[in-house]
Amino acid sequence: MTTRRCAFLAMDSNEGWSVDVELAIAPLEARGWQVELVPWRRPAVDWSRFDAVYIGTPWDYPEDAERFLAVLAAIDASGAVLVNELSLVRWNVRKTYLRDLAERGADVVPGRWLERYDAAAVQRAAQAFDAPRIVVKPVVGANAADTFLLSREEADAARERLAAVFGERPLIVQPYLEAIESDGELSLFYFGGELSHAVRKVPRSGDFRVQEEHGASITAIVPEAGAVRAAERVLSLVSPRPVYARCDLVRGPGGRFLLMELELIEPSLYLRMDAGAAERFAGAFDRHVGVRLRDRSRPGAV
């Protein structure tokens, strides 16, 4: 069996984070891969040493998104197969992709996108949504950082704080869907276009954030048919097909499932929540990279 080399991008330190990406290493090694964890901020990496690079867990990238994208572009130019593809990452890094998906026909939590904070525009959005509370968050962000849950009155009182955070930073305003406190957020994971597993994330009492780092509870589930249909409708609108995807859904008015986020860059895949998840991920990764490498080796390939 030919040994191929793969880098998993990582942070300099995982302290304070729930990380289970290492569960994918053994099934990849069984397929002939040698895996190395590489901090994405490490300077002067020779990416051409690797056959493939999995974006992995660089969860601090919103602190310097432009540098992160430059690293991914360097990987892509090196000849290593970047997974997921660079075009998907560039599209997915800004939450304006939600607007694109809505225009293509996906059921998405509605949003208003602003290039910078404008108190009047935030109030107009709240009135248009006719929701008791709104969520204000950055267009480029992760793990609920700089995310605010506010009533209309609180949004008005928080003008100075919001201006300090979003004065020169694009933001999105969305209605807060109360079902997240009871039903939680459903995450469906797809590897190679096929449903692998699913989890339910419910925020702790008094909170709205569904990340386990913020105390949310995570349970494995068998998703109901409506959630699967909603997720697969979203994925049918995305090209090229991602090797891995996490589709985060929340129940909206009338019980309809709405897309909260489609994570194509570095989502936590919750591999530990399903006994076969790591194996399915490794299989999808191996097949995809194998096809890409064979295509490149054909005569006349660029």
# chains A, B, ... in the order shown; residues from 1 in each chain; ligands from 1
>>> select_by_dssp(residues="segment 84-206 of chain A", states="alpha helix (DSSP H)", output="MDAnalysis selection string")
chainID A and resid 86:92 97:104 119:129 152:157 159:166
>>> closest_atom_pairs(of="segment 134-217 of chain A", to="segment 243-263 of chain A", cutoff="10 Å", atoms="only C-alpha atoms", output="tab-separated table")
residue	atom	partner	partner_atom	distance
A:Tyr176	CA	A:Gly252	CA	9.8
A:Leu177	CA	A:Gly252	CA	6.5
A:Glu178	CA	A:Gly252	CA	8.5
A:Ala179	CA	A:Arg251	CA	6.1
A:Ile180	CA	A:Val250	CA	6.5
A:Ser182	CA	A:Arg251	CA	10.0
A:Asp183	CA	A:Arg251	CA	7.4
A:Gly184	CA	A:Val250	CA	6.9
A:Glu185	CA	A:Val250	CA	5.1
A:Leu186	CA	A:Leu249	CA	5.1
A:Ser187	CA	A:Asp248	CA	4.5
A:Leu188	CA	A:Cys247	CA	5.2
A:Phe189	CA	A:Arg246	CA	4.6
A:Tyr190	CA	A:Ala245	CA	5.2
A:Phe191	CA	A:Tyr244	CA	4.6
A:Gly192	CA	A:Val243	CA	4.7
A:Gly193	CA	A:Val243	CA	7.0
A:Glu194	CA	A:Tyr244	CA	9.2
A:Leu195	CA	A:Ala245	CA	9.5
A:Ser196	CA	A:Tyr244	CA	9.8
A:His197	CA	A:Arg246	CA	9.9
A:Ala198	CA	A:Arg246	CA	9.1
A:Val199	CA	A:Asp248	CA	9.6
A:Arg200	CA	A:Asp248	CA	9.5
A:Lys201	CA	A:Asp248	CA	9.7
>>> residues_around(residues="Ala164 of chain A", least_positions_apart="6", cutoff="12 Å", atoms="only C-alpha atoms", output="PyMOL selection string")
chain A and resi 116-118+146+158
>>> residues_around(residues="Ala278 of chain A", least_positions_apart="2", cutoff="12 Å", atoms="only C-alpha atoms", output="mmCIF file with C-alpha atoms, in the first residue's frame")
data_model
loop_
_atom_site.group_PDB
_atom_site.id
_atom_site.type_symbol
_atom_site.label_atom_id
_atom_site.label_comp_id
_atom_site.auth_asym_id
_atom_site.auth_seq_id
_atom_site.Cartn_x
_atom_site.Cartn_y
_atom_site.Cartn_z
ATOM 1 C CA ASP A 20 -12.228 14.837 18.646
ATOM 2 C CA VAL A 21 -10.631 15.170 15.214
ATOM 3 C CA GLU A 22 -7.961 12.632 16.184
ATOM 4 C CA LEU A 23 -10.601 9.903 15.899
ATOM 5 C CA ALA A 24 -10.256 10.181 12.112
ATOM 6 C CA ILE A 25 -6.538 9.420 12.148
ATOM 7 C CA ALA A 26 -6.633 5.649 12.709
ATOM 8 C CA PRO A 27 -9.102 4.900 9.879
ATOM 9 C CA LEU A 28 -7.050 7.087 7.555
ATOM 10 C CA GLU A 29 -3.855 5.316 8.567
ATOM 11 C CA ALA A 30 -5.578 2.011 7.783
ATOM 12 C CA PHE A 189 -23.387 15.574 9.123
ATOM 13 C CA TYR A 190 -22.756 14.579 5.517
ATOM 14 C CA PHE A 191 -19.623 12.858 4.227
ATOM 15 C CA SER A 196 -23.512 10.065 8.391
ATOM 16 C CA HIS A 197 -25.027 10.973 11.766
ATOM 17 C CA TYR A 244 -17.853 17.059 4.558
ATOM 18 C CA LEU A 269 -17.901 16.856 13.240
ATOM 19 C CA TYR A 270 -18.777 15.223 16.581
ATOM 20 C CA LEU A 271 -17.140 12.001 15.453
ATOM 21 C CA ARG A 272 -17.326 10.649 19.010
ATOM 22 C CA MET A 273 -21.135 10.717 18.912
ATOM 23 C CA ASP A 274 -21.468 7.856 16.402
ATOM 24 C CA ALA A 275 -19.434 4.657 16.316
ATOM 25 C CA GLY A 276 -19.091 4.646 12.532
ATOM 26 C CA ARG A 280 -17.285 7.152 7.131
ATOM 27 C CA PHE A 281 -15.355 10.419 7.175
ATOM 28 C CA ALA A 282 -12.100 8.638 6.352
ATOM 29 C CA GLY A 283 -13.743 6.771 3.497
ATOM 30 C CA ALA A 284 -15.199 9.930 1.938
ATOM 31 C CA PHE A 285 -11.901 11.793 2.350
#
>>> atom_distance(atom1="atom CA of Ala145 of chain A", atom2="atom CA of Asp12 of chain A")
18.7 Å
>>> select_by_dssp(residues="segment 1-204 of chain A", states="strand (DSSP E)", output="ChimeraX atom specification")
/A:4-10,33-39,52-54,81-83,112-114,133-138,148-151,171-175,185-191,194-202
>>> residues_around(residues="Leu88 of chain A", least_positions_apart="6", cutoff="8 Å", atoms="only C-alpha atoms", output="MDAnalysis selection string")
chainID A and resid 239:240 242 264:265
